[in-house]
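**Q** My questions all concern the structure below.
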Amino acid sequence: MSAPLLEVMDLKKHFPIRGGFFGGVTKHVLAVDGVSFHIDPGETLALVGESGCGKSTVGKAILKLFDITAGQVVLDGQRIDDLSPGTLRPLRRRVQVVFQDPFSSLNPRMRVRDILAEPIRNFGLAKSAADLDARVADLMDKVRLPRDAVGRWPHEFSGGQRQRIGIARALAAEPDLIICDEAVSALDVSVKAQIVNLLQDLQNELRLALLFISHDLAIVEHMTHRVAVMYLGKIVEVAPKRSLFAAPKHPYTEALLSAVPVPMPGAQRERIILKGDVPSPINPPKGCRFHTRCRYAFDRCRVEEPPLAAVPTALAPGHLAACHLHDRPANDNPLAEAKGEAVLPV
Amino acid sequence: MSATALRLPDAPVPAPTPQSVAEAPPLPDVLPPVKPRRGFIGFLRRNPTIAIGAGLLLLMVFVAAFAPLLWTADPTSLAPARRTREPSAQYWFGTDMLGRDVYSRVLYGARVSLLVGFSVALLSSVIGLTIGLVSGFVRWADGIVMRIMDGLMSIPPILLAIAMMALTRASVQNVIIAITIAEVPRVSRLVRGVVLSLREQPYVDAAVASGTRTPRIILRHILPNTLAPITVQATYICASAMIVEAILSFIGAGTPPIIPSWGNIMAEGRALWQVKPYIVFFPAIFLSITVLAVNLLGDGLRDILDPRMAKSV
């Protein structure tokens, strides 16, 4: 096993809420509150969760679009979260981003050529003007767009084409990791499939690692190696894809999976309906954050926060969940049974 | 829409033989033929407000620039013997109470109005843009700068300009400075707001992630996207500056009396308003038309440059 490409340790991001007469900080939104995970070179990790659970904040924190509150972000053995902007700049080349909205993610007043040339110029990747043009043309080939479209403006393209330009811009820096922040959520189904396939092809071709932030479990199942499930600023479960989809070890994941539509008319399945709303990240519940909506919650869940730990009954090694149920004997643990067959580590 | 598509469902449908396909009736002209005109004429046709506004404004600029060639006399030469003449073939707009030709004075007065309007629009855009960019990007400066702007905005612009003129000597240059100071807060507020919203755009985040330095982000990603709203705002400031200049001159706090401006022509004609109304009427009409032209141009520009802003008129 190789060293991880990216390691995030106990990442926290608290946004201050200013209020009161003097505009002082009165409260904090605990958007991300202690998140740890790693991504190996060439691997896809999906970060899933409902709106507002902090998954996009994790992505922006890794990109250092703002200062984090606590924790560490380690890229290839080097800590990057505490670097000055000047020291960080050359390292930014290795982590790039593709955003959700293909319309606001491209500057409307820049031609495609300039959009793609910007990262190449910033990181000094081109040796000459001719080399720059060749690289831009190569990027257009990679994302299957016609080369002669580089002179056009972003508004001349469709949503799917714009997302390809966004991907090309991310590739321009020759990164090791691309953060796809809901990169296909805004696209319609046929275009979504094209972009997902394009991302997979590029990943195989260039040995890219992807952090695939999404709420769409069907897409996640299709394209990821491992899955991390977030709830209210914390990761509640991390596992290899097949282990997680076959036998979820956290009640929240179980409920999420039960909501995925099954492409089989008339198929019967148990739907788990969560009660109530997501609690406020300003004042999260004590103990396990999910206990207010969990159908298995017992007394310990209300006082003690469960750590993210390896689950002994999991189908595959590397399956971690934060749930007290796994401390109970198997005959008293509704999540102990494995619905699928044991899988090898991916 | 084809004729068959309009047929009722229970009507007998003829079998689609190759013949019937070949003999299909020609499609009815549901929509009138559209010939999109290209080029300059097409642009003016599609944007009548811009065409009218720009046309009137160009006419005013022409009148101001070529005033000496447009059958005018010296606008300052006094002729007490010929005072307060009615409009006639010799004195198109009549003469004022000192016998000066009102037509010549109104045409030369256009110079002051346009100079003040354009200068204030340009200066306050440039200064407001700079202040807005600074307070949008330098967070600690934002609070200080914006409180100063709030303070300036709490004083009505005309009052502020009058106070400023009271401190200095009357000259066109000082009028421009005074009105610019009064208009800058509005522009910097606008720019700051636009900058703050642009900074949150994903393409700015993507530019930061791809290693773009802050000066370049301002130059390439922020500035070009502020120009549309600024241009629109500049036209409104231009119109407002012309009115403020006229007001200042009217109350004697603006352009010195030796330089004819629409404001001081009206001020001098005010005393004779009930007996010789044409002295006030002509400069007032010119001021109204010019301000209308600038506002029409602004509305038209807003519609094509900044579609997000609500469409009025």
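For the structure tokens, the naming scheme is as follows: chains receive sequential letters (A, B, ...) according to their order of presentation, residues are indexed from 1 within each chain, and ligands are indexed from 1 in presentation order.
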Which neighbours of Ser105 in chain A fall inside 9 Å, counting only C-alpha atoms, when residues of the same chain fewer than 5 positions from it are skipped, and could you give them as a JSON list (two decimals) with N, CA and C atoms, in the first residue's frame?
**A**
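Final output, saved to selection04.json:
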[["chain", "number", "residue", "atom", "x", "y", "z"],
["A", 98, "VAL", "N", -13.48, 21.20, -9.91],
["A", 98, "VAL", "CA", -14.56, 21.37, -10.90],
["A", 98, "VAL", "C", -15.82, 21.65, -10.09],
["A", 99, "PHE", "N", -16.50, 22.76, -10.43],
["A", 99, "PHE", "CA", -17.65, 23.16, -9.61],
["A", 99, "PHE", "C", -18.96, 22.64, -10.19],
["A", 100, "GLN", "N", -20.00, 22.82, -9.39],
["A", 100, "GLN", "CA", -21.31, 22.30, -9.76],
["A", 100, "GLN", "C", -21.93, 23.06, -10.93],
["A", 162, "ARG", "N", -19.90, 23.38, -21.21],
["A", 162, "ARG", "CA", -19.23, 24.25, -20.25],
["A", 162, "ARG", "C", -18.57, 23.42, -19.15],
["A", 163, "GLN", "N", -19.24, 22.35, -18.74],
["A", 163, "GLN", "CA", -18.64, 21.51, -17.70],
["A", 163, "GLN", "C", -17.37, 20.86, -18.23],
["A", 166, "GLY", "N", -14.78, 23.35, -17.88],
["A", 166, "GLY", "CA", -14.36, 23.39, -16.47],
["A", 166, "GLY", "C", -13.40, 22.26, -16.15],
["B", 201, "GLN", "N", -18.03, 34.19, -6.72],
["B", 201, "GLN", "CA", -18.32, 33.40, -7.92],
["B", 201, "GLN", "C", -17.39, 32.20, -8.00],
["B", 202, "PRO", "N", -17.91, 31.05, -8.40],
["B", 202, "PRO", "CA", -17.03, 29.88, -8.53],
["B", 202, "PRO", "C", -15.84, 30.11, -9.46],
["B", 203, "TYR", "N", -16.01, 30.95, -10.50],
["B", 203, "TYR", "CA", -14.85, 31.10, -11.39],
["B", 203, "TYR", "C", -13.72, 31.85, -10.71],
["B", 204, "VAL", "N", -14.04, 32.68, -9.71],
["B", 204, "VAL", "CA", -12.97, 33.33, -8.95],
["B", 204, "VAL", "C", -12.28, 32.29, -8.05],
["B", 205, "ASP", "N", -13.09, 31.44, -7.41],
["B", 205, "ASP", "CA", -12.51, 30.36, -6.60],
["B", 205, "ASP", "C", -11.61, 29.47, -7.47],
["B", 206, "ALA", "N", -12.09, 29.16, -8.66],
["B", 206, "ALA", "CA", -11.30, 28.30, -9.54],
["B", 206, "ALA", "C", -10.00, 29.00, -9.93]]
**Q** Taking only C-alpha atoms into account, what are the residues of chain B at most 12 Å from chain A, put as a short mmCIF file (atom, residue, chain, number, x, y, z; two decimals) with N, CA and C atoms, in the first residue's frame?
**A**
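Contents of the output file iface-v3.cif:
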data_model
loop_
_atom_site.label_atom_id
_atom_site.label_comp_id
_atom_site.auth_asym_id
_atom_site.auth_seq_id
_atom_site.Cartn_x
_atom_site.Cartn_y
_atom_site.Cartn_z
N GLY B 143 -14.66 48.65 6.51
CA GLY B 143 -15.47 49.28 7.54
C GLY B 143 -15.24 50.78 7.58
N SER B 197 -19.97 40.37 -4.50
CA SER B 197 -20.70 39.24 -5.07
C SER B 197 -19.83 38.50 -6.08
N LEU B 198 -18.98 39.23 -6.82
CA LEU B 198 -18.11 38.55 -7.80
C LEU B 198 -17.08 37.68 -7.09
N ARG B 199 -16.61 38.13 -5.92
CA ARG B 199 -15.59 37.35 -5.20
C ARG B 199 -16.09 35.97 -4.82
N GLU B 200 -17.42 35.84 -4.69
CA GLU B 200 -17.99 34.55 -4.31
C GLU B 200 -18.27 33.67 -5.52
N GLN B 201 -18.03 34.19 -6.72
CA GLN B 201 -18.32 33.40 -7.92
C GLN B 201 -17.39 32.20 -8.00
N PRO B 202 -17.91 31.05 -8.40
CA PRO B 202 -17.03 29.88 -8.53
C PRO B 202 -15.84 30.11 -9.46
N TYR B 203 -16.01 30.95 -10.50
CA TYR B 203 -14.85 31.10 -11.39
C TYR B 203 -13.72 31.85 -10.71
N VAL B 204 -14.04 32.68 -9.71
CA VAL B 204 -12.97 33.33 -8.95
C VAL B 204 -12.28 32.29 -8.05
N ASP B 205 -13.09 31.44 -7.41
CA ASP B 205 -12.51 30.36 -6.60
C ASP B 205 -11.61 29.47 -7.47
N ALA B 206 -12.09 29.16 -8.66
CA ALA B 206 -11.30 28.30 -9.54
C ALA B 206 -10.00 29.00 -9.93
N ALA B 207 -10.06 30.32 -10.14
CA ALA B 207 -8.85 31.06 -10.49
C ALA B 207 -7.86 31.05 -9.33
N VAL B 208 -8.38 31.20 -8.10
CA VAL B 208 -7.50 31.13 -6.93
C VAL B 208 -6.87 29.74 -6.85
N ALA B 209 -7.69 28.72 -7.04
CA ALA B 209 -7.18 27.35 -6.95
C ALA B 209 -6.15 27.08 -8.04
N SER B 210 -6.25 27.76 -9.18
CA SER B 210 -5.25 27.51 -10.22
C SER B 210 -4.12 28.51 -10.13
N GLY B 211 -3.91 29.08 -8.95
CA GLY B 211 -2.68 29.82 -8.69
C GLY B 211 -2.65 31.25 -9.18
N THR B 212 -3.81 31.85 -9.49
CA THR B 212 -3.81 33.22 -9.96
C THR B 212 -3.59 34.17 -8.78
N ARG B 213 -2.70 35.15 -8.99
CA ARG B 213 -2.42 36.12 -7.94
C ARG B 213 -3.53 37.15 -7.86
N THR B 214 -3.67 37.76 -6.67
CA THR B 214 -4.77 38.69 -6.44
C THR B 214 -4.81 39.85 -7.44
N ARG B 216 -3.99 39.99 -10.50
CA ARG B 216 -4.48 39.47 -11.76
C ARG B 216 -5.95 39.09 -11.66
N ILE B 217 -6.34 38.59 -10.50
CA ILE B 217 -7.76 38.26 -10.32
C ILE B 217 -8.60 39.52 -10.42
N LEU B 219 -7.78 42.26 -12.04
CA LEU B 219 -7.70 42.77 -13.40
C LEU B 219 -8.49 41.94 -14.41
N ARG B 220 -8.39 40.62 -14.30
CA ARG B 220 -8.98 39.77 -15.32
C ARG B 220 -10.37 39.24 -14.97
N HIS B 221 -10.63 39.05 -13.67
CA HIS B 221 -11.89 38.40 -13.31
C HIS B 221 -12.89 39.36 -12.68
N ILE B 222 -12.41 40.34 -11.93
CA ILE B 222 -13.34 41.23 -11.24
C ILE B 222 -13.66 42.46 -12.10
N LEU B 223 -12.61 43.19 -12.49
CA LEU B 223 -12.81 44.47 -13.18
C LEU B 223 -13.70 44.37 -14.42
N PRO B 224 -13.43 43.43 -15.35
CA PRO B 224 -14.26 43.38 -16.56
C PRO B 224 -15.74 43.16 -16.24
N ASN B 225 -16.02 42.48 -15.14
CA ASN B 225 -17.42 42.20 -14.82
C ASN B 225 -18.08 43.34 -14.05
N THR B 226 -17.29 44.35 -13.61
CA THR B 226 -17.91 45.51 -12.98
C THR B 226 -18.21 46.60 -14.00
N LEU B 227 -17.62 46.51 -15.19
CA LEU B 227 -17.73 47.63 -16.13
C LEU B 227 -19.16 47.86 -16.61
N ALA B 228 -19.92 46.79 -16.80
CA ALA B 228 -21.29 46.97 -17.29
C ALA B 228 -22.13 47.79 -16.30
#
**Q** Write out as a PyMOL selection string all residues of range 70-251 of chain A that DSSP puts in strand (DSSP E) for this structure's backbone.
**A** chain A and resi 70-75+78-79+95-98+177-181+209-214+226-231+234-240
**Q** Could you list, as a ChimeraX atom specification, every residue within 8 Å of Phe137 in chain B, counting only C-alpha atoms and ignoring same-chain residues fewer than 3 positions away?
**A** /B:133-134,142,195-196
**Q** Name all residues at most 6 Å from range 281-289 of chain A (count only C-alpha atoms; drop same-chain ones fewer than 6 positions away) and give them as a PyMOL selection string.
**A** chain A and resi 28-30+301-305
**Q** Closest to Ala65 in chain B among B:Gly151, B:Gly109, B:Pro80, B:Pro260, using only C-alpha atoms?
**A**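 Checking each of B:Gly151, B:Gly109, B:Pro80, B:Pro260 against Ala65 in chain B, counting only C-alpha atoms, the winner is B:Gly109.
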**Q** So how many Å separate CA of Ala110 in chain B and CA of Ile50 in chain B, to one decimal?
**A**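 Between CA of Ala110 in chain B and CA of Ile50 in chain B the gap works out to 20.8 Å.
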**Q** Looking at B:Leu123, B:Ile218, B:Val145, B:Ala234, which one is nearest to Thr180 in chain B, with distances taken over only C-alpha atoms?
**A**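 Checking each of B:Leu123, B:Ile218, B:Val145, B:Ala234 against Thr180 in chain B, counting only C-alpha atoms, the winner is B:Leu123.
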